[in-house]
$ cat upload38.tsv   # TSV, N, CA and C atoms
chain	number	residue	atom	x	y	z
A	958	MET	N	-22.27	4.03	-59.82
A	958	MET	CA	-20.85	4.25	-59.59
A	958	MET	C	-20.52	5.74	-59.68
A	959	ARG	N	-21.14	6.41	-60.63
A	959	ARG	CA	-20.89	7.83	-60.82
A	959	ARG	C	-21.29	8.62	-59.58
A	960	THR	N	-22.38	8.22	-58.92
A	960	THR	CA	-22.83	8.89	-57.71
A	960	THR	C	-21.81	8.74	-56.59
A	961	LYS	N	-21.23	7.56	-56.43
A	961	LYS	CA	-20.22	7.36	-55.40
A	961	LYS	C	-19.00	8.25	-55.65
A	962	ASN	N	-18.60	8.37	-56.91
A	962	ASN	CA	-17.48	9.24	-57.26
A	962	ASN	C	-17.81	10.70	-56.96
A	963	ALA	N	-19.03	11.11	-57.29
A	963	ALA	CA	-19.45	12.50	-57.03
A	963	ALA	C	-19.48	12.78	-55.53
A	964	ILE	N	-19.94	11.81	-54.75
A	964	ILE	CA	-19.98	11.98	-53.29
A	964	ILE	C	-18.57	12.06	-52.73
A	965	ALA	N	-17.68	11.21	-53.21
A	965	ALA	CA	-16.29	11.25	-52.76
A	965	ALA	C	-15.64	12.57	-53.14
A	966	GLN	N	-15.90	13.04	-54.36
A	966	GLN	CA	-15.33	14.32	-54.81
A	966	GLN	C	-15.87	15.47	-53.96
A	967	ALA	N	-17.16	15.43	-53.65
A	967	ALA	CA	-17.76	16.48	-52.83
A	967	ALA	C	-17.13	16.49	-51.44
A	968	GLY	N	-16.89	15.32	-50.87
A	968	GLY	CA	-16.27	15.25	-49.55
A	968	GLY	C	-14.86	15.80	-49.55
A	969	ALA	N	-14.08	15.43	-50.55
A	969	ALA	CA	-12.71	15.93	-50.67
A	969	ALA	C	-12.71	17.43	-50.92
A	970	SER	N	-13.64	17.89	-51.74
A	970	SER	CA	-13.73	19.32	-52.03
A	970	SER	C	-14.16	20.11	-50.80
A	971	ALA	N	-15.03	19.53	-49.99
A	971	ALA	CA	-15.47	20.22	-48.76
A	971	ALA	C	-14.28	20.49	-47.85
A	972	LEU	N	-13.40	19.51	-47.71
A	972	LEU	CA	-12.20	19.70	-46.88
A	972	LEU	C	-11.29	20.77	-47.47
A	973	LEU	N	-11.16	20.75	-48.79
A	973	LEU	CA	-10.33	21.74	-49.48
A	973	LEU	C	-10.90	23.15	-49.26
A	974	PHE	N	-12.20	23.31	-49.46
A	974	PHE	CA	-12.81	24.63	-49.29
A	974	PHE	C	-12.80	25.07	-47.82
A	975	ALA	N	-12.90	24.13	-46.90
A	975	ALA	CA	-12.80	24.48	-45.48
A	975	ALA	C	-11.41	25.04	-45.18
A	976	ALA	N	-10.39	24.43	-45.75
A	976	ALA	CA	-9.02	24.93	-45.55
A	976	ALA	C	-8.85	26.32	-46.16
A	977	LEU	N	-9.53	26.57	-47.28
A	977	LEU	CA	-9.44	27.87	-47.94
A	977	LEU	C	-10.28	28.93	-47.25
A	978	GLY	N	-11.11	28.51	-46.30
A	978	GLY	CA	-12.03	29.43	-45.64
A	978	GLY	C	-11.43	30.24	-44.51
A	979	ASP	N	-10.14	30.31	-44.43
A	979	ASP	CA	-9.48	31.07	-43.37
A	979	ASP	C	-8.61	32.17	-44.00
A	980	GLN	N	-8.76	33.38	-43.49
A	980	GLN	CA	-8.05	34.53	-44.04
A	980	GLN	C	-6.53	34.37	-43.97
A	981	THR	N	-6.03	33.87	-42.87
A	981	THR	CA	-4.58	33.69	-42.73
A	981	THR	C	-4.06	32.69	-43.74
A	982	ARG	N	-4.78	31.58	-43.91
A	982	ARG	CA	-4.34	30.56	-44.87
A	982	ARG	C	-4.39	31.10	-46.30
A	983	LEU	N	-5.40	31.90	-46.61
A	983	LEU	CA	-5.46	32.51	-47.94
A	983	LEU	C	-4.28	33.44	-48.17
A	984	ARG	N	-3.90	34.20	-47.15
A	984	ARG	CA	-2.73	35.08	-47.29
A	984	ARG	C	-1.45	34.27	-47.50
A	985	LEU	N	-1.32	33.17	-46.76
A	985	LEU	CA	-0.15	32.30	-46.94
A	985	LEU	C	-0.09	31.75	-48.36
A	986	LEU	N	-1.24	31.30	-48.88
A	986	LEU	CA	-1.28	30.78	-50.24
A	986	LEU	C	-0.95	31.86	-51.26
A	987	ALA	N	-1.44	33.06	-51.03
A	987	ALA	CA	-1.15	34.17	-51.94
A	987	ALA	C	0.35	34.47	-51.96
A	988	ARG	N	0.97	34.47	-50.80
A	988	ARG	CA	2.42	34.71	-50.76
A	988	ARG	C	3.19	33.62	-51.46
A	989	LEU	N	2.81	32.38	-51.21
A	989	LEU	CA	3.51	31.26	-51.87
A	989	LEU	C	3.28	31.30	-53.37
A	990	SER	N	2.11	31.72	-53.80
A	990	SER	CA	1.82	31.83	-55.22
A	990	SER	C	2.65	32.93	-55.88
A	991	GLU	N	2.76	34.06	-55.20
A	991	GLU	CA	3.48	35.20	-55.76
A	991	GLU	C	4.99	35.09	-55.65
A	992	GLU	N	5.46	34.56	-54.51
A	992	GLU	CA	6.89	34.60	-54.22
A	992	GLU	C	7.59	33.26	-54.34
A	993	GLY	N	6.82	32.19	-54.53
A	993	GLY	CA	7.43	30.87	-54.64
A	993	GLY	C	7.69	30.24	-53.28
A	994	PRO	N	8.42	29.12	-53.27
A	994	PRO	CA	8.67	28.39	-52.02
A	994	PRO	C	9.33	29.28	-50.96
A	995	MET	N	8.87	29.14	-49.72
A	995	MET	CA	9.37	29.98	-48.63
A	995	MET	C	9.45	29.17	-47.34
A	996	SER	N	10.33	29.61	-46.47
A	996	SER	CA	10.44	29.01	-45.14
A	996	SER	C	9.38	29.64	-44.24
A	997	ILE	N	9.15	29.01	-43.09
A	997	ILE	CA	8.22	29.59	-42.12
A	997	ILE	C	8.73	30.95	-41.65
A	998	ALA	N	10.04	31.07	-41.47
A	998	ALA	CA	10.61	32.36	-41.05
A	998	ALA	C	10.30	33.45	-42.07
A	999	ALA	N	10.43	33.13	-43.34
A	999	ALA	CA	10.13	34.11	-44.39
A	999	ALA	C	8.64	34.43	-44.42
A	1000	LEU	N	7.81	33.42	-44.22
A	1000	LEU	CA	6.37	33.64	-44.24
A	1000	LEU	C	5.88	34.48	-43.06
A	1001	THR	N	6.59	34.43	-41.94
A	1001	THR	CA	6.17	35.22	-40.78
A	1001	THR	C	6.80	36.61	-40.74
A	1002	ALA	N	7.82	36.84	-41.55
A	1002	ALA	CA	8.50	38.15	-41.54
A	1002	ALA	C	7.50	39.25	-41.88
A	1003	GLY	N	7.50	40.29	-41.06
A	1003	GLY	CA	6.64	41.44	-41.28
A	1003	GLY	C	5.17	41.18	-40.94
A	1004	SER	N	4.89	40.10	-40.26
A	1004	SER	CA	3.52	39.74	-39.92
A	1004	SER	C	3.37	39.67	-38.41
A	1005	SER	N	2.14	39.84	-37.95
A	1005	SER	CA	1.88	39.71	-36.52
A	1005	SER	C	1.56	38.27	-36.13
A	1006	VAL	N	1.53	37.38	-37.12
A	1006	VAL	CA	1.24	35.97	-36.88
A	1006	VAL	C	2.52	35.27	-36.43
A	1007	THR	N	2.41	34.47	-35.38
A	1007	THR	CA	3.59	33.77	-34.84
A	1007	THR	C	4.01	32.62	-35.74
A	1008	ARG	N	5.23	32.19	-35.55
A	1008	ARG	CA	5.74	31.04	-36.31
A	1008	ARG	C	4.91	29.80	-36.02
A	1009	GLN	N	4.51	29.62	-34.77
A	1009	GLN	CA	3.71	28.46	-34.39
A	1009	GLN	C	2.35	28.49	-35.10
A	1010	ALA	N	1.75	29.67	-35.20
A	1010	ALA	CA	0.46	29.79	-35.88
A	1010	ALA	C	0.61	29.51	-37.37
A	1011	VAL	N	1.66	30.05	-37.97
A	1011	VAL	CA	1.90	29.79	-39.40
A	1011	VAL	C	2.13	28.31	-39.63
A	1012	ALA	N	2.89	27.67	-38.76
A	1012	ALA	CA	3.14	26.23	-38.90
A	1012	ALA	C	1.83	25.45	-38.82
A	1013	LYS	N	0.97	25.84	-37.90
A	1013	LYS	CA	-0.33	25.17	-37.76
A	1013	LYS	C	-1.16	25.34	-39.03
A	1014	HIS	N	-1.22	26.54	-39.58
A	1014	HIS	CA	-1.97	26.79	-40.81
A	1014	HIS	C	-1.37	26.01	-41.98
A	1015	LEU	N	-0.07	25.94	-42.05
A	1015	LEU	CA	0.58	25.19	-43.13
A	1015	LEU	C	0.26	23.70	-43.04
A	1016	ARG	N	0.16	23.18	-41.82
A	1016	ARG	CA	-0.20	21.76	-41.65
A	1016	ARG	C	-1.63	21.50	-42.14
A	1017	VAL	N	-2.53	22.45	-41.89
A	1017	VAL	CA	-3.91	22.31	-42.40
A	1017	VAL	C	-3.89	22.30	-43.92
A	1018	LEU	N	-3.14	23.22	-44.51
A	1018	LEU	CA	-3.05	23.29	-45.98
A	1018	LEU	C	-2.37	22.04	-46.55
A	1019	GLU	N	-1.40	21.52	-45.82
A	1019	GLU	CA	-0.71	20.30	-46.26
A	1019	GLU	C	-1.65	19.09	-46.21
A	1020	ALA	N	-2.52	19.05	-45.21
A	1020	ALA	CA	-3.44	17.92	-45.07
A	1020	ALA	C	-4.39	17.80	-46.26
A	1021	VAL	N	-4.71	18.93	-46.91
A	1021	VAL	CA	-5.57	18.88	-48.09
A	1021	VAL	C	-4.76	19.02	-49.38
A	1022	ARG	N	-3.45	18.87	-49.25
A	1022	ARG	CA	-2.49	18.85	-50.36
A	1022	ARG	C	-2.43	20.15	-51.16
A	1023	LEU	N	-2.71	21.28	-50.49
A	1023	LEU	CA	-2.54	22.58	-51.15
A	1023	LEU	C	-1.09	23.04	-51.12
A	1024	VAL	N	-0.34	22.58	-50.13
A	1024	VAL	CA	1.08	22.89	-50.03
A	1024	VAL	C	1.83	21.63	-49.67
A	1025	HIS	N	3.12	21.64	-49.92
A	1025	HIS	CA	3.97	20.57	-49.43
A	1025	HIS	C	5.29	21.18	-48.99
A	1026	CYS	N	5.95	20.45	-48.13
A	1026	CYS	CA	7.20	20.92	-47.55
A	1026	CYS	C	8.36	20.13	-48.12
A	1027	GLY	N	9.39	20.85	-48.48
A	1027	GLY	CA	10.60	20.21	-48.98
A	1027	GLY	C	11.81	20.80	-48.27
A	1028	ARG	N	12.90	20.12	-48.34
A	1028	ARG	CA	14.13	20.59	-47.70
A	1028	ARG	C	15.03	21.24	-48.74
A	1029	ARG	N	15.66	22.29	-48.33
A	1029	ARG	CA	16.70	22.93	-49.14
A	1029	ARG	C	17.85	23.18	-48.17
A	1030	GLY	N	18.79	22.27	-48.22
A	1030	GLY	CA	19.87	22.30	-47.23
A	1030	GLY	C	19.28	21.98	-45.87
A	1031	ARG	N	19.49	22.87	-44.91
A	1031	ARG	CA	18.96	22.66	-43.56
A	1031	ARG	C	17.59	23.30	-43.38
A	1032	GLU	N	17.12	23.98	-44.40
A	1032	GLU	CA	15.89	24.75	-44.28
A	1032	GLU	C	14.69	24.01	-44.90
A	1033	SER	N	13.58	24.03	-44.19
A	1033	SER	CA	12.32	23.51	-44.74
A	1033	SER	C	11.64	24.65	-45.49
A	1034	ARG	N	11.21	24.33	-46.72
A	1034	ARG	CA	10.55	25.35	-47.54
A	1034	ARG	C	9.19	24.82	-47.98
A	1035	TRP	N	8.20	25.69	-47.88
A	1035	TRP	CA	6.83	25.34	-48.22
A	1035	TRP	C	6.51	25.84	-49.62
A	1036	GLU	N	5.81	25.00	-50.37
A	1036	GLU	CA	5.50	25.33	-51.76
A	1036	GLU	C	4.02	25.04	-52.05
A	1037	LEU	N	3.42	25.91	-52.84
A	1037	LEU	CA	2.04	25.77	-53.26
A	1037	LEU	C	1.91	24.66	-54.30
A	1038	ASP	N	0.87	23.85	-54.19
A	1038	ASP	CA	0.56	22.85	-55.21
A	1038	ASP	C	-0.60	23.38	-56.04
A	1039	ARG	N	-0.29	23.94	-57.17
A	1039	ARG	CA	-1.30	24.59	-58.02
A	1039	ARG	C	-2.33	23.60	-58.57
A	1040	ARG	N	-1.99	22.32	-58.63
A	1040	ARG	CA	-2.95	21.32	-59.13
A	1040	ARG	C	-4.18	21.26	-58.24
A	1041	ARG	N	-3.97	21.40	-56.93
A	1041	ARG	CA	-5.12	21.35	-56.01
A	1041	ARG	C	-6.01	22.57	-56.20
A	1042	LEU	N	-5.44	23.71	-56.52
A	1042	LEU	CA	-6.27	24.88	-56.80
A	1042	LEU	C	-7.06	24.65	-58.08
A	1043	GLU	N	-6.46	23.94	-59.02
A	1043	GLU	CA	-7.18	23.60	-60.26
A	1043	GLU	C	-8.32	22.64	-59.95
A	1044	ASP	N	-8.12	21.72	-59.01
A	1044	ASP	CA	-9.20	20.83	-58.59
A	1044	ASP	C	-10.38	21.64	-58.05
A	1045	ALA	N	-10.09	22.64	-57.25
A	1045	ALA	CA	-11.14	23.50	-56.68
A	1045	ALA	C	-11.86	24.25	-57.80
A	1046	ARG	N	-11.09	24.77	-58.75
A	1046	ARG	CA	-11.70	25.50	-59.87
A	1046	ARG	C	-12.62	24.59	-60.68
A	1047	ARG	N	-12.18	23.36	-60.94
A	1047	ARG	CA	-13.00	22.42	-61.69
A	1047	ARG	C	-14.29	22.10	-60.95
A	1048	TYR	N	-14.19	21.90	-59.64
A	1048	TYR	CA	-15.38	21.57	-58.86
A	1048	TYR	C	-16.35	22.75	-58.86
A	1049	LEU	N	-15.85	23.97	-58.73
A	1049	LEU	CA	-16.71	25.14	-58.80
A	1049	LEU	C	-17.35	25.26	-60.19
A	1050	GLY	N	-16.61	24.90	-61.22
A	1050	GLY	CA	-17.16	24.90	-62.57
A	1050	GLY	C	-18.31	23.91	-62.71
A	1051	LEU	N	-18.16	22.75	-62.11
A	1051	LEU	CA	-19.22	21.74	-62.14
A	1051	LEU	C	-20.47	22.26	-61.44
A	1052	ILE	N	-20.28	22.85	-60.28
A	1052	ILE	CA	-21.42	23.41	-59.55
A	1052	ILE	C	-22.07	24.52	-60.36
A	1053	SER	N	-21.28	25.34	-61.01
A	1053	SER	CA	-21.80	26.42	-61.85
A	1053	SER	C	-22.65	25.86	-62.99
A	1054	GLN	N	-22.19	24.80	-63.63
A	1054	GLN	CA	-22.95	24.17	-64.70
A	1054	GLN	C	-24.28	23.63	-64.18
A	1055	GLN	N	-24.27	23.03	-63.00
A	1055	GLN	CA	-25.50	22.51	-62.42
A	1055	GLN	C	-26.50	23.64	-62.15
A	1056	TRP	N	-26.00	24.74	-61.63
A	1056	TRP	CA	-26.87	25.89	-61.38
A	1056	TRP	C	-27.39	26.47	-62.68
A	1057	ASP	N	-26.55	26.56	-63.70
A	1057	ASP	CA	-26.99	27.07	-65.01
A	1057	ASP	C	-28.13	26.21	-65.55
A	1058	GLY	N	-28.00	24.90	-65.42
A	1058	GLY	CA	-29.05	23.99	-65.87
A	1058	GLY	C	-30.34	24.18	-65.09
A	1059	ALA	N	-30.21	24.30	-63.77
A	1059	ALA	CA	-31.40	24.50	-62.94
A	1059	ALA	C	-32.09	25.82	-63.27
A	1060	LEU	N	-31.31	26.86	-63.48
A	1060	LEU	CA	-31.89	28.16	-63.83
A	1060	LEU	C	-32.55	28.13	-65.21
A	1061	ALA	N	-31.96	27.41	-66.15
A	1061	ALA	CA	-32.56	27.28	-67.48
A	1061	ALA	C	-33.90	26.55	-67.38
A	1062	ARG	N	-33.96	25.49	-66.57
A	1062	ARG	CA	-35.22	24.77	-66.39
A	1062	ARG	C	-36.27	25.66	-65.73
A	1063	LEU	N	-35.87	26.44	-64.75
A	1063	LEU	CA	-36.79	27.36	-64.08
A	1063	LEU	C	-37.29	28.42	-65.06
A	1064	ARG	N	-36.38	28.98	-65.84
A	1064	ARG	CA	-36.76	29.99	-66.84
A	1064	ARG	C	-37.77	29.40	-67.83
A	1065	SER	N	-37.51	28.20	-68.29
A	1065	SER	CA	-38.42	27.53	-69.23
A	1065	SER	C	-39.78	27.32	-68.60
A	1066	PHE	N	-39.80	26.91	-67.37
A	1066	PHE	CA	-41.07	26.67	-66.67
A	1066	PHE	C	-41.85	27.97	-66.50
A	1067	VAL	N	-41.15	29.03	-66.10
A	1067	VAL	CA	-41.81	30.32	-65.89
A	1067	VAL	C	-42.31	30.91	-67.21
A	1068	GLU	N	-41.50	30.83	-68.25
A	1068	GLU	CA	-41.86	31.42	-69.54
A	1068	GLU	C	-42.86	30.58	-70.32
A	1069	ASP	N	-42.67	29.27	-70.30
A	1069	ASP	CA	-43.51	28.38	-71.13
A	1069	ASP	C	-44.60	27.68	-70.33
A	1070	GLY	N	-44.45	27.65	-69.04
A	1070	GLY	CA	-45.42	26.96	-68.21
A	1070	GLY	C	-45.21	25.46	-68.16
A	1071	SER	N	-44.07	24.98	-68.69
A	1071	SER	CA	-43.81	23.54	-68.65
A	1071	SER	C	-42.33	23.29	-68.38
A	1072	PRO	N	-42.05	22.28	-67.56
A	1072	PRO	CA	-40.64	21.95	-67.27
A	1072	PRO	C	-39.99	21.28	-68.46
A	1073	ARG	N	-38.69	21.40	-68.56
A	1073	ARG	CA	-37.93	20.73	-69.64
A	1073	ARG	C	-37.52	19.37	-69.20
$ encode --input "upload38.tsv" --output "structure tokens"
Amino acid sequence: MRTKNAIAQAGASALLFAALGDQTRLRLLARLSEEGPMSIAALTAGSSVTRQAVAKHLRVLEAVRLVHCGRRGRESRWELDRRRLEDARRYLGLISQQWDGALARLRSFVEDGSPR
């Protein structure tokens, strides 16, 4: 059962990291993190990226639950979901622990001549 959960988590994390793998989306997330909820108009202000492109990137981020859209009066405002970033951090921590274990076993084998 644990393996199925790990496989499901890896699949969900792969989609999350794929969404984070774009420079424009990372900039959008940084702005939302620093400035709070914003409209598409505010997110495109001072940028060479079109409103349509920003909307497309926001939909990708929304699909992996990194952002969500809410209404404020007549305006749609996009907001960062920090919990999903915490999910990514936890998954990277798990991978880091696995690598630490593998490196410790390799070190033991090289130094002692026997695996742990």
$ atom_distance --input "upload38.tsv" --atom1 "atom CA of Ala987 of chain A" --atom2 "atom CA of Asp1038 of chain A"
11.9 Å
$ closest_residue --input "upload38.tsv" --among "A:Thr981, A:Ala1010, A:Gln1054, A:Ser996" --to "Arg1031 of chain A" --atoms "only C-alpha atoms"
A:Ser996
$ atom_distance --input "upload38.tsv" --atom1 "atom N of Cys1026 of chain A" --atom2 "atom CA of Ala999 of chain A"
14.8 Å
$ select_by_dssp --input "upload38.tsv" --residues "chain A" --states "strand (DSSP E)" --output "PDB file with N, CA and C atoms, in the coordinates of the input"
ATOM      1  N   VAL A1024      -0.340  22.580 -50.130  1.00  0.00           N
ATOM      2  CA  VAL A1024       1.080  22.890 -50.030  1.00  0.00           C
ATOM      3  C   VAL A1024       1.830  21.630 -49.670  1.00  0.00           C
ATOM      4  N   HIS A1025       3.120  21.640 -49.920  1.00  0.00           N
ATOM      5  CA  HIS A1025       3.970  20.570 -49.430  1.00  0.00           C
ATOM      6  C   HIS A1025       5.290  21.180 -48.990  1.00  0.00           C
ATOM      7  N   CYS A1026       5.950  20.450 -48.130  1.00  0.00           N
ATOM      8  CA  CYS A1026       7.200  20.920 -47.550  1.00  0.00           C
ATOM      9  C   CYS A1026       8.360  20.130 -48.120  1.00  0.00           C
ATOM     10  N   GLY A1027       9.390  20.850 -48.480  1.00  0.00           N
ATOM     11  CA  GLY A1027      10.600  20.210 -48.980  1.00  0.00           C
ATOM     12  C   GLY A1027      11.810  20.800 -48.270  1.00  0.00           C
ATOM     13  N   ARG A1028      12.900  20.120 -48.340  1.00  0.00           N
ATOM     14  CA  ARG A1028      14.130  20.590 -47.700  1.00  0.00           C
ATOM     15  C   ARG A1028      15.030  21.240 -48.740  1.00  0.00           C
ATOM     16  N   ARG A1029      15.660  22.290 -48.330  1.00  0.00           N
ATOM     17  CA  ARG A1029      16.700  22.930 -49.140  1.00  0.00           C
ATOM     18  C   ARG A1029      17.850  23.180 -48.170  1.00  0.00           C
ATOM     19  N   GLU A1032      17.120  23.980 -44.400  1.00  0.00           N
ATOM     20  CA  GLU A1032      15.890  24.750 -44.280  1.00  0.00           C
ATOM     21  C   GLU A1032      14.690  24.010 -44.900  1.00  0.00           C
ATOM     22  N   SER A1033      13.580  24.030 -44.190  1.00  0.00           N
ATOM     23  CA  SER A1033      12.320  23.510 -44.740  1.00  0.00           C
ATOM     24  C   SER A1033      11.640  24.650 -45.490  1.00  0.00           C
ATOM     25  N   ARG A1034      11.210  24.330 -46.720  1.00  0.00           N
ATOM     26  CA  ARG A1034      10.550  25.350 -47.540  1.00  0.00           C
ATOM     27  C   ARG A1034       9.190  24.820 -47.980  1.00  0.00           C
ATOM     28  N   TRP A1035       8.200  25.690 -47.880  1.00  0.00           N
ATOM     29  CA  TRP A1035       6.830  25.340 -48.220  1.00  0.00           C
ATOM     30  C   TRP A1035       6.510  25.840 -49.620  1.00  0.00           C
ATOM     31  N   GLU A1036       5.810  25.000 -50.370  1.00  0.00           N
ATOM     32  CA  GLU A1036       5.500  25.330 -51.760  1.00  0.00           C
ATOM     33  C   GLU A1036       4.020  25.040 -52.050  1.00  0.00           C
ATOM     34  N   LEU A1037       3.420  25.910 -52.840  1.00  0.00           N
ATOM     35  CA  LEU A1037       2.040  25.770 -53.260  1.00  0.00           C
ATOM     36  C   LEU A1037       1.910  24.660 -54.300  1.00  0.00           C
TER      37      LEU A1037
END
$ closest_residue --input "upload38.tsv" --among "A:Val1017, A:Ala1002, A:Leu1037, A:Ala975" --to "Arg988 of chain A" --atoms "all atoms listed in the file"
A:Leu1037
$ select_by_dssp --input "upload38.tsv" --residues "segment 960-1071 of chain A" --states "helix (DSSP H, G or I)" --output "number ranges by chain"
A: 960-977, 980-992, 997-1001, 1008-1020, 1039-1069
$ residues_around --input "upload38.tsv" --residues "Ala976 of chain A" --least-positions-apart "6" --cutoff "7 Å" --atoms "all atoms listed in the file" --output "ChimeraX atom specification"
/A:982-983,1017-1018
$ atom_distance --input "upload38.tsv" --atom1 "atom CA of Gly993 of chain A" --atom2 "atom CA of Arg1047 of chain A"
23.2 Å
$ closest_residue --input "upload38.tsv" --among "A:Leu985, A:Leu977, A:Ala1012, A:Met995" --to "Trp1035 of chain A" --atoms "all atoms listed in the file"
A:Met995
$ closest_residue --input "upload38.tsv" --among "A:Gly978, A:His1014, A:Gly1070, A:Gly1027" --to "Pro994 of chain A" --atoms "only C-alpha atoms"
A:Gly1027
$ closest_residue --input "upload38.tsv" --among "A:Ile997, A:Val1067, A:Ala1061, A:Leu972" --to "Val1011 of chain A" --atoms "only N, CA and C atoms"
A:Ile997
